[in-house]
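Asker: Compact mmCIF, C-alpha atoms, file upload_19.txt:
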```txt
# COMPACT_ATOMS: atom_id res chain seq x y z
CA MET Y 1 -94.28 -79.00 -153.05
CA HIS Y 2 -97.45 -81.08 -152.94
CA LYS Y 3 -99.62 -79.33 -155.53
CA GLN Y 4 -103.08 -79.98 -154.08
CA ALA Y 5 -102.08 -79.34 -150.46
CA ARG Y 6 -100.28 -76.14 -151.49
CA GLU Y 7 -103.24 -74.79 -153.47
CA ALA Y 8 -105.66 -75.55 -150.65
CA PHE Y 9 -103.42 -73.85 -148.08
CA ASN Y 10 -102.79 -70.74 -150.20
CA ASN Y 11 -106.46 -70.35 -151.07
CA SER Y 12 -107.41 -70.37 -147.39
CA PHE Y 13 -104.49 -68.21 -146.22
CA THR Y 14 -105.11 -64.71 -144.83
CA GLU Y 15 -102.75 -62.26 -143.20
CA LYS Y 16 -105.10 -62.14 -140.21
CA LYS Y 17 -104.79 -65.90 -139.71
CA TYR Y 18 -101.01 -65.62 -139.87
CA GLU Y 19 -100.90 -62.72 -137.40
CA ASP Y 20 -103.12 -64.63 -134.97
CA PHE Y 21 -100.93 -67.71 -135.40
CA VAL Y 22 -97.69 -65.87 -134.60
CA GLU Y 23 -99.36 -64.04 -131.72
CA SER Y 24 -100.42 -67.39 -130.26
CA LEU Y 25 -96.79 -68.58 -130.31
CA SER Y 26 -95.60 -65.39 -128.63
CA SER Y 27 -98.32 -65.28 -126.01
CA ALA Y 28 -97.81 -68.93 -125.03
CA PHE Y 29 -94.18 -68.12 -124.17
CA PRO Y 30 -93.93 -64.35 -123.69
CA GLY Y 31 -90.67 -62.75 -124.77
CA GLN Y 32 -89.20 -66.02 -126.05
CA LEU Y 33 -89.89 -65.99 -129.82
CA ASP Y 34 -86.85 -64.31 -131.36
CA PHE Y 35 -86.81 -65.41 -135.00
CA ARG Y 36 -89.12 -65.15 -137.98
CA VAL Y 37 -91.76 -67.84 -138.46
CA ALA Y 38 -92.68 -68.50 -142.08
CA GLU Y 39 -96.25 -68.04 -143.27
CA THR Y 40 -96.55 -71.65 -144.35
CA PRO Y 41 -95.44 -75.15 -143.50
CA VAL Y 42 -93.87 -77.35 -146.17
CA PHE Y 43 -96.00 -80.14 -147.64
CA VAL Y 44 -93.70 -82.98 -148.69
CA PRO Y 45 -95.07 -85.51 -151.21
CA LYS Y 46 -94.57 -89.23 -150.63
CA GLU Y 47 -91.99 -89.70 -153.38
CA LEU Y 48 -89.73 -86.97 -152.00
CA LYS Y 49 -90.23 -88.19 -148.42
CA GLU Y 50 -89.01 -91.64 -149.44
CA LYS Y 51 -85.91 -90.18 -151.13
CA ILE Y 52 -85.08 -88.11 -148.04
CA ILE Y 53 -85.39 -91.12 -145.75
CA ARG Y 54 -83.33 -93.27 -148.14
CA ALA Y 55 -80.62 -90.61 -148.26
CA SER Y 56 -80.55 -90.43 -144.46
CA ASP Y 57 -80.38 -94.22 -144.07
CA HIS Y 58 -77.34 -94.26 -146.38
CA ILE Y 59 -75.65 -91.53 -144.31
CA ILE Y 60 -76.45 -93.32 -141.05
CA ALA Y 61 -74.81 -96.49 -142.40
CA THR Y 62 -71.53 -94.53 -142.63
CA LEU Y 63 -71.95 -92.96 -139.18
CA THR Y 64 -72.49 -96.40 -137.62
CA SER Y 65 -69.55 -98.05 -139.40
CA PRO Y 66 -66.88 -99.52 -137.05
CA ASP Y 67 -64.14 -97.11 -138.19
CA PHE Y 68 -66.12 -93.87 -138.00
CA ARG Y 69 -64.82 -92.85 -134.56
CA THR Y 70 -61.21 -93.46 -135.59
CA LYS Y 71 -61.69 -91.42 -138.77
CA THR Y 72 -63.09 -88.50 -136.80
CA ASP Y 73 -60.69 -88.39 -133.85
CA ARG Y 74 -58.98 -85.35 -135.38
CA ALA Y 75 -62.32 -83.54 -135.44
CA VAL Y 76 -62.28 -82.98 -131.67
CA PRO Y 77 -59.78 -80.20 -130.84
CA SER Y 78 -57.41 -81.35 -128.09
CA ASN Y 79 -58.19 -78.33 -125.91
CA GLN Y 80 -61.95 -78.96 -126.26
CA HIS Y 81 -62.09 -82.69 -125.58
CA VAL Y 82 -64.68 -83.52 -122.91
CA PRO Y 83 -64.29 -86.76 -120.87
CA GLY Y 84 -67.07 -89.33 -120.66
CA GLU Y 85 -67.91 -89.64 -124.36
CA ASN Y 86 -70.82 -91.96 -125.19
CA ALA Y 87 -70.40 -94.80 -127.69
CA HIS Y 88 -72.41 -92.74 -130.17
CA THR Y 89 -74.18 -89.40 -130.41
CA SER Y 90 -77.56 -88.95 -128.69
CA PHE Y 91 -78.86 -86.73 -131.48
CA LEU Y 92 -78.52 -86.40 -135.22
CA ALA Y 93 -79.71 -83.65 -137.55
CA ILE Y 94 -79.36 -83.93 -141.34
CA ASP Y 95 -80.00 -80.86 -143.51
CA TYR Y 96 -81.13 -81.18 -147.13
CA ALA Y 97 -81.62 -78.61 -149.83
CA ILE Y 98 -84.61 -79.41 -152.04
CA CYS Y 99 -83.35 -79.48 -155.63
CA ARG Y 100 -84.41 -80.77 -159.04
CA ASN Y 101 -82.44 -83.43 -160.93
CA ALA Y 102 -81.85 -83.76 -164.67
CA ALA Y 103 -85.04 -85.81 -165.00
CA GLY Y 104 -87.06 -82.96 -163.49
CA GLU Y 105 -87.73 -84.78 -160.21
CA LEU Y 106 -87.47 -83.13 -156.81
CA VAL Y 107 -84.53 -84.59 -154.85
CA PRO Y 108 -82.76 -83.89 -151.55
CA GLN Y 109 -79.12 -82.79 -151.55
CA LEU Y 110 -77.15 -82.95 -148.32
CA ILE Y 111 -76.05 -79.55 -147.02
CA GLU Y 112 -74.76 -80.34 -143.53
CA LEU Y 113 -75.23 -82.70 -140.62
CA GLN Y 114 -74.66 -82.42 -136.89
CA GLY Y 115 -74.39 -84.73 -133.90
CA PHE Y 116 -76.13 -82.17 -131.72
CA PRO Y 117 -79.71 -81.60 -130.56
CA SER Y 118 -81.97 -79.33 -132.54
CA ILE Y 119 -85.19 -77.65 -131.43
CA PHE Y 120 -87.14 -80.81 -130.62
CA GLY Y 121 -89.55 -79.14 -128.22
CA TYR Y 122 -90.38 -76.04 -130.26
CA GLN Y 123 -90.88 -77.96 -133.52
CA ALA Y 124 -93.64 -80.08 -132.01
CA PHE Y 125 -95.27 -76.99 -130.51
CA LEU Y 126 -95.02 -75.13 -133.83
CA SER Y 127 -96.41 -78.03 -135.85
CA GLU Y 128 -99.38 -78.45 -133.51
CA SER Y 129 -100.01 -74.70 -133.78
CA PHE Y 130 -100.03 -74.85 -137.59
CA ARG Y 131 -102.74 -77.51 -137.40
CA GLU Y 132 -104.71 -75.37 -134.99
CA PHE Y 133 -104.74 -72.22 -137.15
CA PHE Y 134 -104.62 -73.59 -140.69
CA ASP Y 135 -106.13 -76.47 -142.64
CA VAL Y 136 -103.55 -79.24 -142.87
CA PRO Y 137 -104.81 -82.36 -144.70
CA GLY Y 138 -105.31 -85.39 -142.48
CA ASN Y 139 -102.96 -87.58 -144.53
CA PHE Y 140 -100.01 -85.28 -143.76
CA ARG Y 141 -98.06 -85.82 -140.54
CA TYR Y 142 -95.16 -84.09 -138.84
CA LEU Y 143 -94.17 -86.93 -136.50
CA PHE Y 144 -92.24 -90.11 -137.24
CA GLY Y 145 -92.35 -93.18 -135.00
CA ALA Y 146 -95.04 -91.61 -132.79
CA ALA Y 147 -98.78 -91.56 -133.35
CA SER Y 148 -99.44 -88.53 -131.14
CA LEU Y 149 -97.80 -85.59 -129.41
CA ASP Y 150 -98.03 -87.45 -126.09
CA GLU Y 151 -96.15 -90.42 -127.50
CA TYR Y 152 -93.53 -88.10 -128.97
CA VAL Y 153 -93.04 -86.39 -125.59
CA SER Y 154 -92.70 -89.82 -123.96
CA LYS Y 155 -89.88 -90.67 -126.38
CA LEU Y 156 -88.11 -87.39 -125.57
CA LYS Y 157 -88.48 -88.05 -121.85
CA ALA Y 158 -86.98 -91.53 -122.18
CA LEU Y 159 -84.08 -90.16 -124.22
CA ILE Y 160 -83.30 -87.03 -122.21
CA LEU Y 161 -84.36 -87.91 -118.66
CA GLY Y 162 -83.43 -91.58 -118.72
CA ASP Y 163 -84.19 -92.95 -115.25
CA GLU Y 164 -83.58 -89.65 -113.45
CA GLU Y 165 -86.08 -87.26 -111.88
CA PRO Y 166 -86.42 -84.01 -113.89
CA GLU Y 167 -84.78 -81.86 -111.18
CA HIS Y 168 -81.54 -83.83 -111.59
CA VAL Y 169 -81.46 -83.18 -115.36
CA ILE Y 170 -80.57 -79.77 -116.79
CA LEU Y 171 -80.62 -78.17 -120.21
CA LEU Y 172 -77.17 -76.59 -120.36
CA GLU Y 173 -76.44 -73.36 -122.28
CA ILE Y 174 -74.48 -70.17 -121.84
CA PHE Y 175 -76.88 -67.37 -120.82
CA PRO Y 176 -79.92 -69.30 -122.09
CA GLU Y 177 -82.16 -66.26 -121.67
CA LYS Y 178 -80.19 -64.48 -124.44
CA GLN Y 179 -80.18 -67.28 -127.01
CA LYS Y 180 -82.19 -67.04 -130.24
CA THR Y 181 -83.52 -70.54 -129.59
CA ARG Y 182 -84.70 -69.76 -126.06
CA ILE Y 183 -88.33 -70.48 -126.99
CA ASP Y 184 -87.26 -74.11 -127.45
CA PHE Y 185 -85.78 -74.11 -123.95
CA ALA Y 186 -89.09 -72.83 -122.58
CA VAL Y 187 -91.12 -75.43 -124.48
CA THR Y 188 -88.72 -78.19 -123.41
CA GLN Y 189 -89.01 -77.12 -119.78
CA GLN Y 190 -92.79 -77.28 -120.04
CA MET Y 191 -92.72 -80.68 -121.77
CA LEU Y 192 -90.06 -82.42 -119.70
CA GLY Y 193 -89.84 -80.45 -116.46
CA ILE Y 194 -86.10 -79.78 -116.82
CA GLN Y 195 -84.43 -76.51 -115.94
CA PRO Y 196 -82.54 -74.45 -118.55
CA LEU Y 197 -79.33 -73.59 -116.71
CA CYS Y 198 -76.47 -71.27 -117.48
CA TYR Y 199 -72.97 -72.74 -117.53
CA THR Y 200 -71.97 -70.10 -114.96
CA ALA Y 201 -74.56 -71.40 -112.47
CA LEU Y 202 -73.01 -74.86 -112.18
CA ILE Y 203 -71.22 -75.55 -108.89
CA ARG Y 204 -68.48 -78.17 -108.84
CA GLU Y 205 -67.63 -80.08 -105.68
CA GLY Y 206 -65.04 -82.75 -106.41
CA ARG Y 207 -66.44 -84.86 -109.25
CA GLN Y 208 -70.04 -83.77 -108.68
CA LEU Y 209 -72.03 -80.87 -110.13
CA PHE Y 210 -74.83 -78.94 -108.44
CA TYR Y 211 -77.10 -75.97 -108.99
CA GLU Y 212 -79.13 -73.94 -106.53
CA LYS Y 213 -82.89 -73.49 -106.66
CA ASP Y 214 -85.25 -72.13 -104.03
CA GLY Y 215 -82.51 -72.25 -101.43
CA ARG Y 216 -81.67 -75.90 -102.16
CA ARG Y 217 -78.52 -77.35 -103.69
CA ILE Y 218 -79.51 -79.98 -106.28
CA GLN Y 219 -77.14 -82.51 -107.84
CA VAL Y 220 -76.89 -82.62 -111.65
CA LYS Y 221 -76.88 -86.22 -112.86
CA ARG Y 222 -77.68 -85.77 -116.56
CA ILE Y 223 -76.90 -82.88 -118.90
CA TYR Y 224 -79.01 -82.24 -121.99
CA ASN Y 225 -76.29 -80.27 -123.69
CA ARG Y 226 -77.12 -77.27 -125.89
CA LEU Y 227 -73.81 -75.49 -125.31
CA ILE Y 228 -71.03 -75.34 -127.91
CA PHE Y 229 -67.45 -74.25 -127.32
CA ASP Y 230 -67.68 -71.58 -129.98
CA ASP Y 231 -70.11 -69.66 -127.77
CA LEU Y 232 -67.91 -70.05 -124.69
CA PHE Y 233 -64.99 -68.45 -126.50
CA THR Y 234 -66.98 -65.23 -126.84
CA TYR Y 235 -66.82 -64.92 -123.03
CA PRO Y 236 -63.10 -65.41 -122.25
CA ASP Y 237 -63.28 -63.83 -118.79
CA LEU Y 238 -65.97 -66.04 -117.23
CA GLN Y 239 -65.19 -67.07 -113.65
CA THR Y 240 -66.70 -70.51 -113.01
CA SER Y 241 -66.10 -73.39 -110.63
CA TYR Y 242 -66.78 -75.90 -113.44
CA HIS Y 243 -65.04 -76.01 -116.80
CA PHE Y 244 -66.45 -77.84 -119.82
CA THR Y 245 -63.41 -80.13 -120.07
CA ASP Y 246 -63.51 -81.21 -116.39
CA ASP Y 247 -63.95 -84.91 -115.69
CA VAL Y 248 -67.14 -85.10 -113.61
CA ASP Y 249 -69.74 -87.70 -112.67
CA VAL Y 250 -72.56 -86.83 -115.06
CA GLN Y 251 -74.27 -88.57 -117.96
CA TRP Y 252 -74.28 -86.56 -121.17
CA VAL Y 253 -77.29 -86.48 -123.45
CA GLY Y 254 -75.66 -84.99 -126.48
CA HIS Y 255 -71.99 -85.36 -125.54
CA PRO Y 256 -69.96 -82.31 -126.70
CA ASN Y 257 -67.40 -84.41 -128.60
CA TRP Y 258 -70.05 -85.65 -131.04
CA PHE Y 259 -70.77 -82.07 -132.04
CA PHE Y 260 -67.35 -82.09 -133.70
CA ARG Y 261 -67.32 -85.66 -134.99
CA ILE Y 262 -70.67 -85.43 -136.81
CA SER Y 263 -70.34 -82.09 -138.52
CA LYS Y 264 -68.84 -80.71 -141.71
CA PHE Y 265 -65.86 -82.88 -140.76
CA ALA Y 266 -67.85 -86.05 -141.58
CA MET Y 267 -68.98 -84.96 -145.03
CA PRO Y 268 -65.88 -86.09 -147.00
CA PHE Y 269 -66.57 -89.64 -145.75
CA LEU Y 270 -70.08 -89.65 -147.26
CA ASN Y 271 -71.18 -90.43 -150.79
CA GLY Y 272 -74.24 -91.28 -152.84
CA GLU Y 273 -76.64 -89.67 -155.26
CA PHE Y 274 -77.95 -87.26 -152.62
CA VAL Y 275 -74.52 -86.18 -151.33
CA PRO Y 276 -72.65 -83.48 -153.27
CA GLU Y 277 -68.95 -84.08 -153.83
CA THR Y 278 -67.06 -82.94 -150.71
CA ARG Y 279 -63.34 -83.19 -149.94
CA PHE Y 280 -60.92 -81.82 -147.40
CA LEU Y 281 -59.04 -78.96 -149.03
CA SER Y 282 -55.79 -80.70 -148.10
CA ASP Y 283 -56.76 -83.72 -150.23
CA TYR Y 284 -56.33 -81.80 -153.49
CA LYS Y 285 -52.75 -82.93 -154.13
CA ASP Y 286 -52.95 -82.60 -157.94
CA GLY Y 287 -54.59 -79.18 -158.16
CA PHE Y 288 -57.99 -77.70 -157.44
CA PRO Y 289 -61.06 -78.18 -159.68
CA ALA Y 290 -61.03 -76.02 -162.80
CA ASP Y 291 -64.65 -74.97 -162.25
CA LEU Y 292 -64.28 -73.38 -158.79
CA GLN Y 293 -67.38 -71.27 -159.46
CA ASN Y 294 -69.32 -74.48 -158.79
CA TYR Y 295 -67.84 -75.01 -155.32
CA VAL Y 296 -68.27 -73.51 -151.88
CA LEU Y 297 -65.52 -73.30 -149.24
CA LYS Y 298 -66.42 -74.08 -145.63
CA PRO Y 299 -64.20 -73.91 -142.53
CA LEU Y 300 -64.57 -76.99 -140.35
CA PHE Y 301 -64.52 -75.23 -137.01
CA SER Y 302 -66.98 -72.40 -137.43
CA PHE Y 303 -70.71 -72.57 -137.08
CA ALA Y 304 -74.04 -71.00 -138.12
CA GLY Y 305 -72.68 -70.21 -141.59
CA SER Y 306 -69.70 -68.21 -140.33
CA GLY Y 307 -66.76 -68.17 -142.72
CA VAL Y 308 -68.54 -69.85 -145.64
CA GLN Y 309 -67.29 -68.49 -148.98
CA LEU Y 310 -69.59 -68.83 -151.98
CA TYR Y 311 -67.16 -67.29 -154.48
CA ILE Y 312 -63.57 -68.52 -154.43
CA THR Y 313 -60.49 -68.46 -156.63
CA LYS Y 314 -57.41 -70.65 -156.88
CA LYS Y 315 -55.44 -67.81 -155.28
CA ASP Y 316 -57.83 -67.77 -152.30
CA LEU Y 317 -57.35 -71.49 -151.74
CA GLU Y 318 -53.58 -71.41 -152.08
CA ALA Y 319 -53.39 -68.68 -149.43
CA ILE Y 320 -55.07 -70.84 -146.76
CA PRO Y 321 -52.37 -71.91 -144.24
CA ASP Y 322 -54.33 -74.87 -142.76
CA PRO Y 323 -56.15 -76.58 -145.67
CA GLU Y 324 -56.82 -79.65 -143.51
CA ASN Y 325 -59.34 -77.52 -141.61
CA TYR Y 326 -61.48 -76.67 -144.64
CA ILE Y 327 -63.75 -78.56 -146.99
CA LEU Y 328 -64.52 -77.80 -150.62
CA GLN Y 329 -68.08 -78.80 -151.48
CA ARG Y 330 -69.79 -78.79 -154.85
CA LYS Y 331 -72.60 -76.25 -154.81
CA VAL Y 332 -76.16 -77.41 -155.02
CA ALA Y 333 -78.88 -75.46 -156.80
CA TYR Y 334 -81.85 -74.95 -154.50
CA GLU Y 335 -85.00 -75.25 -156.58
CA PRO Y 336 -87.64 -72.62 -155.74
CA VAL Y 337 -90.48 -75.02 -154.97
CA ILE Y 338 -92.80 -73.34 -152.46
CA GLN Y 339 -95.49 -71.28 -154.16
CA ALA Y 340 -95.99 -68.03 -152.27
CA PRO Y 341 -98.58 -65.43 -153.36
CA ASP Y 342 -95.81 -63.38 -155.00
CA GLY Y 343 -93.45 -66.00 -156.38
CA LEU Y 344 -91.49 -69.14 -155.57
CA VAL Y 345 -89.41 -69.78 -152.46
CA LYS Y 346 -86.46 -72.12 -151.76
CA CYS Y 347 -86.61 -74.73 -149.05
CA GLU Y 348 -84.33 -76.70 -146.75
CA ILE Y 349 -85.49 -79.59 -144.58
CA ARG Y 350 -83.76 -80.89 -141.44
CA MET Y 351 -84.46 -84.45 -140.36
CA MET Y 352 -84.09 -84.81 -136.58
CA TYR Y 353 -83.18 -88.09 -134.86
CA GLY Y 354 -82.84 -89.31 -131.29
CA TRP Y 355 -80.43 -92.11 -130.41
CA PRO Y 356 -80.71 -93.80 -127.00
CA ASP Y 357 -77.43 -95.22 -125.65
CA ASP Y 358 -78.62 -98.83 -125.98
CA ALA Y 359 -80.03 -98.50 -129.51
CA GLU Y 360 -78.25 -99.79 -132.63
CA LYS Y 361 -79.09 -96.74 -134.71
CA PRO Y 362 -80.88 -93.39 -134.43
CA GLU Y 363 -84.66 -93.06 -134.71
CA LEU Y 364 -86.26 -90.37 -136.87
CA LEU Y 365 -88.59 -88.30 -134.66
CA ILE Y 366 -89.48 -85.00 -136.31
CA SER Y 367 -88.22 -82.39 -138.78
CA LEU Y 368 -88.04 -78.69 -139.39
CA SER Y 369 -87.96 -76.62 -142.55
CA ARG Y 370 -86.50 -73.25 -143.47
CA LEU Y 371 -87.69 -71.09 -146.34
CA SER Y 372 -85.50 -68.62 -148.18
CA ARG Y 373 -85.48 -66.18 -151.08
CA GLY Y 374 -81.82 -65.26 -150.61
CA GLU Y 375 -78.57 -66.87 -151.71
CA MET Y 376 -78.36 -68.80 -148.47
CA ILE Y 377 -80.91 -69.93 -145.91
CA GLY Y 378 -79.74 -67.74 -142.98
CA VAL Y 379 -81.56 -64.73 -141.57
CA ARG Y 380 -79.16 -62.15 -142.95
CA TYR Y 381 -79.95 -63.31 -146.50
CA ASN Y 382 -83.71 -62.95 -146.02
CA LYS Y 383 -84.26 -59.57 -144.42
CA ASP Y 384 -87.42 -57.72 -145.47
CA PHE Y 385 -88.90 -60.78 -147.24
CA THR Y 386 -92.15 -62.56 -146.45
CA TRP Y 387 -92.91 -66.29 -146.70
CA VAL Y 388 -89.41 -67.01 -145.39
CA GLY Y 389 -88.05 -68.18 -142.05
CA GLY Y 390 -88.36 -71.21 -139.82
CA SER Y 391 -91.27 -73.56 -140.31
CA ALA Y 392 -92.64 -77.09 -139.95
CA SER Y 393 -92.75 -79.96 -142.42
CA PHE Y 394 -95.79 -82.17 -143.02
CA PHE Y 395 -95.13 -85.41 -144.90
CA GLU Y 396 -97.69 -87.18 -147.06
CA TYR Y 397 -98.78 -90.68 -146.00
```
Using structure tokens, write down the structure that the file contains.
Answerer:
Amino acid sequence: MHKQAREAFNNSFTEKKYEDFVESLSSAFPGQLDFRVAETPVFVPKELKEKIIRASDHIIATLTSPDFRTKTDRAVPSNQHVPGENAHTSFLAIDYAICRNAAGELVPQLIELQGFPSIFGYQAFLSESFREFFDVPGNFRYLFGAASLDEYVSKLKALILGDEEPEHVILLEIFPEKQKTRIDFAVTQQMLGIQPLCYTALIREGRQLFYEKDGRRIQVKRIYNRLIFDDLFTYPDLQTSYHFTDDVDVQWVGHPNWFFRISKFAMPFLNGEFVPETRFLSDYKDGFPADLQNYVLKPLFSFAGSGVQLYITKKDLEAIPDPENYILQRKVAYEPVIQAPDGLVKCEIRMMYGWPDDAEKPELLISLSRLSRGEMIGVRYNKDFTWVGGSASFFEY
């Protein structure tokens, strides 16, 4: 998107460099890289960076409003409510499509947001690796609020470990060794010293949780939560001594309830020039929009793009038995803005925040980007393409 940085990168790009780059990621964490890495980072010019940050600040003002928790109580399903909810989320991720407005300027448009941790460890590792293998101009940075990787890691440690020793803090998932994001678990373990642990390995004794390692039983005092209920439901026959909804003596870093509160459910409460019109389907009392071809239907309680309908009719909407559990969102037109050797590529940028319990608002730490040539950003829309996949973002200063 930054013309000079893009031209310099493309002119110096070779397939050999890219192959060596990806091989370095794989060899650093053998068997862990399980998704496509794009050939290029995204170079974000200052003007667009400022619009993205302004858009996020406006969204955060809504999330920190006194009535936000009351408005989102319905978001947490009663059978999935976890005790011990923090006053606010520990993490925030805001996804923007990069579009072009009527004046021809590049602008962000909100796609989704989540009160759930993203791949904080891997993104730092990836961004550092891009700098190692490719020429990234010195006035472009990938970190916010930290002058170095060491300072960034210190912030993550303060947020995730708190005052506990690493062995008393776990990264919780279901079968972490099978997850697509497992390279992030490995990087996080290396950075912070915390163990990725499967939900099935937790041992409950009264109100306390433990896990076993090297013949020792170790108490879990903090949980860096990467587990969502949707994944648990795919394993209905699990036999465990701990259940996600049990009331236990642990501190949550990324409490499960905030995953529901700050999600598609929150989007109808947001507005502004960078937020596409979004309403609960049940709010259309006087009829649906006449131009439904310009809207996308999204179920509230499904994830990773599941159930999203790009093409809908009035008949489709009228047939939905629980319209309160769907949103209708005006489509945004991704602008192909990344110049690849064989054409232009679409881009989405996720801004990633940490939010300590005692802080007034979240702090922007890092970002990620995803490149696409398909209708949507996901993997299944980008098979057999190059210059697509997960990547890093470098912002002009």
Asker: Nearest residue to Val345 (chain Y) out of Y:Leu371, Y:Val248, Y:Leu159, Y:Leu238, using all atoms listed in the file?
Answerer: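 Residue with the minimum atom-to-atom distance to Val345 (chain Y): Y:Leu371.
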Asker: For the point (-93.1, -82.6, -134.5) in file coordinates, what residues are within 7 Å, counting all atoms listed in the file? Give the answer as a JSON list (two decimals) with C-alpha atoms, in the coordinates of the input?
Answerer:
```
[["chain", "number", "residue", "atom", "x", "y", "z"],
["Y", 123, "GLN", "CA", -90.88, -77.96, -133.52],
["Y", 124, "ALA", "CA", -93.64, -80.08, -132.01],
["Y", 127, "SER", "CA", -96.41, -78.03, -135.85],
["Y", 142, "TYR", "CA", -95.16, -84.09, -138.84],
["Y", 143, "LEU", "CA", -94.17, -86.93, -136.50],
["Y", 366, "ILE", "CA", -89.48, -85.00, -136.31],
["Y", 367, "SER", "CA", -88.22, -82.39, -138.78]]
```
Asker: Suppose you want the space between CA of Glu151 (chain Y) and CA of Leu365 (chain Y); what is it in Å?
Answerer: 10.6 Å
Asker: Grab the CA of Ser302 (chain Y) to CA of Asp184 (chain Y) distance for me, in Å with one decimal place.
Answerer: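 Straight-line distance from CA of Ser302 (chain Y) to CA of Asp184 (chain Y) works out to 22.7 Å.
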Asker: Closest to Arg74 (chain Y) among Y:Ser148, Y:Gln32, Y:Gln309, Y:Asn257, using all atoms listed in the file?
Answerer: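 Smallest separation from Arg74 (chain Y) among the options: Y:Asn257.
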Asker: Which residue is closest to Ser369 (chain Y)? Choose from Y:Phe394, Y:Phe9, Y:Tyr18, Y:Tyr284 and count only C-alpha atoms.
Answerer: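 The shortest atom-to-atom distance to Ser369 (chain Y) comes from Y:Phe394.
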Asker: Find the residues around His88 (chain Y) up to 12 Å (only C-alpha atoms counted), leave out those fewer than 3 positions away in its own chain, and share them as number ranges by chain.
Answerer: Y: 60, 63-66, 68-69, 84-85, 91-92, 115-116, 252-259, 261-262, 354-362
Asker: Regenerate region 53-65 of chain Y at the level of N, CA and C atoms and dump it as a compact mmCIF listing (two decimals), keeping the file's coordinate frame.
Answerer:
```txt
# COMPACT_ATOMS: atom_id res chain seq x y z
N ILE Y 53 -85.65 -90.07 -146.74
CA ILE Y 53 -85.39 -91.12 -145.75
C ILE Y 53 -84.32 -92.08 -146.27
N ARG Y 54 -84.36 -92.39 -147.56
CA ARG Y 54 -83.33 -93.27 -148.14
C ARG Y 54 -81.95 -92.63 -148.06
N ALA Y 55 -81.89 -91.33 -148.36
CA ALA Y 55 -80.62 -90.61 -148.26
C ALA Y 55 -80.09 -90.65 -146.83
N SER Y 56 -80.97 -90.44 -145.87
CA SER Y 56 -80.55 -90.43 -144.46
C SER Y 56 -80.09 -91.81 -144.01
N ASP Y 57 -80.78 -92.85 -144.44
CA ASP Y 57 -80.38 -94.22 -144.07
C ASP Y 57 -78.97 -94.52 -144.59
N HIS Y 58 -78.67 -94.04 -145.80
CA HIS Y 58 -77.34 -94.26 -146.38
C HIS Y 58 -76.27 -93.53 -145.56
N ILE Y 59 -76.58 -92.31 -145.14
CA ILE Y 59 -75.65 -91.53 -144.31
C ILE Y 59 -75.44 -92.22 -142.96
N ILE Y 60 -76.53 -92.67 -142.36
CA ILE Y 60 -76.45 -93.32 -141.05
C ILE Y 60 -75.60 -94.59 -141.12
N ALA Y 61 -75.65 -95.30 -142.25
CA ALA Y 61 -74.81 -96.49 -142.40
C ALA Y 61 -73.33 -96.14 -142.27
N THR Y 62 -72.93 -94.98 -142.78
CA THR Y 62 -71.53 -94.53 -142.63
C THR Y 62 -71.24 -94.14 -141.19
N LEU Y 63 -72.17 -93.42 -140.56
CA LEU Y 63 -71.95 -92.96 -139.18
C LEU Y 63 -71.87 -94.12 -138.19
N THR Y 64 -72.50 -95.24 -138.53
CA THR Y 64 -72.49 -96.40 -137.62
C THR Y 64 -71.43 -97.42 -138.01
N SER Y 65 -70.60 -97.12 -139.00
CA SER Y 65 -69.55 -98.05 -139.40
C SER Y 65 -68.48 -98.14 -138.31
```
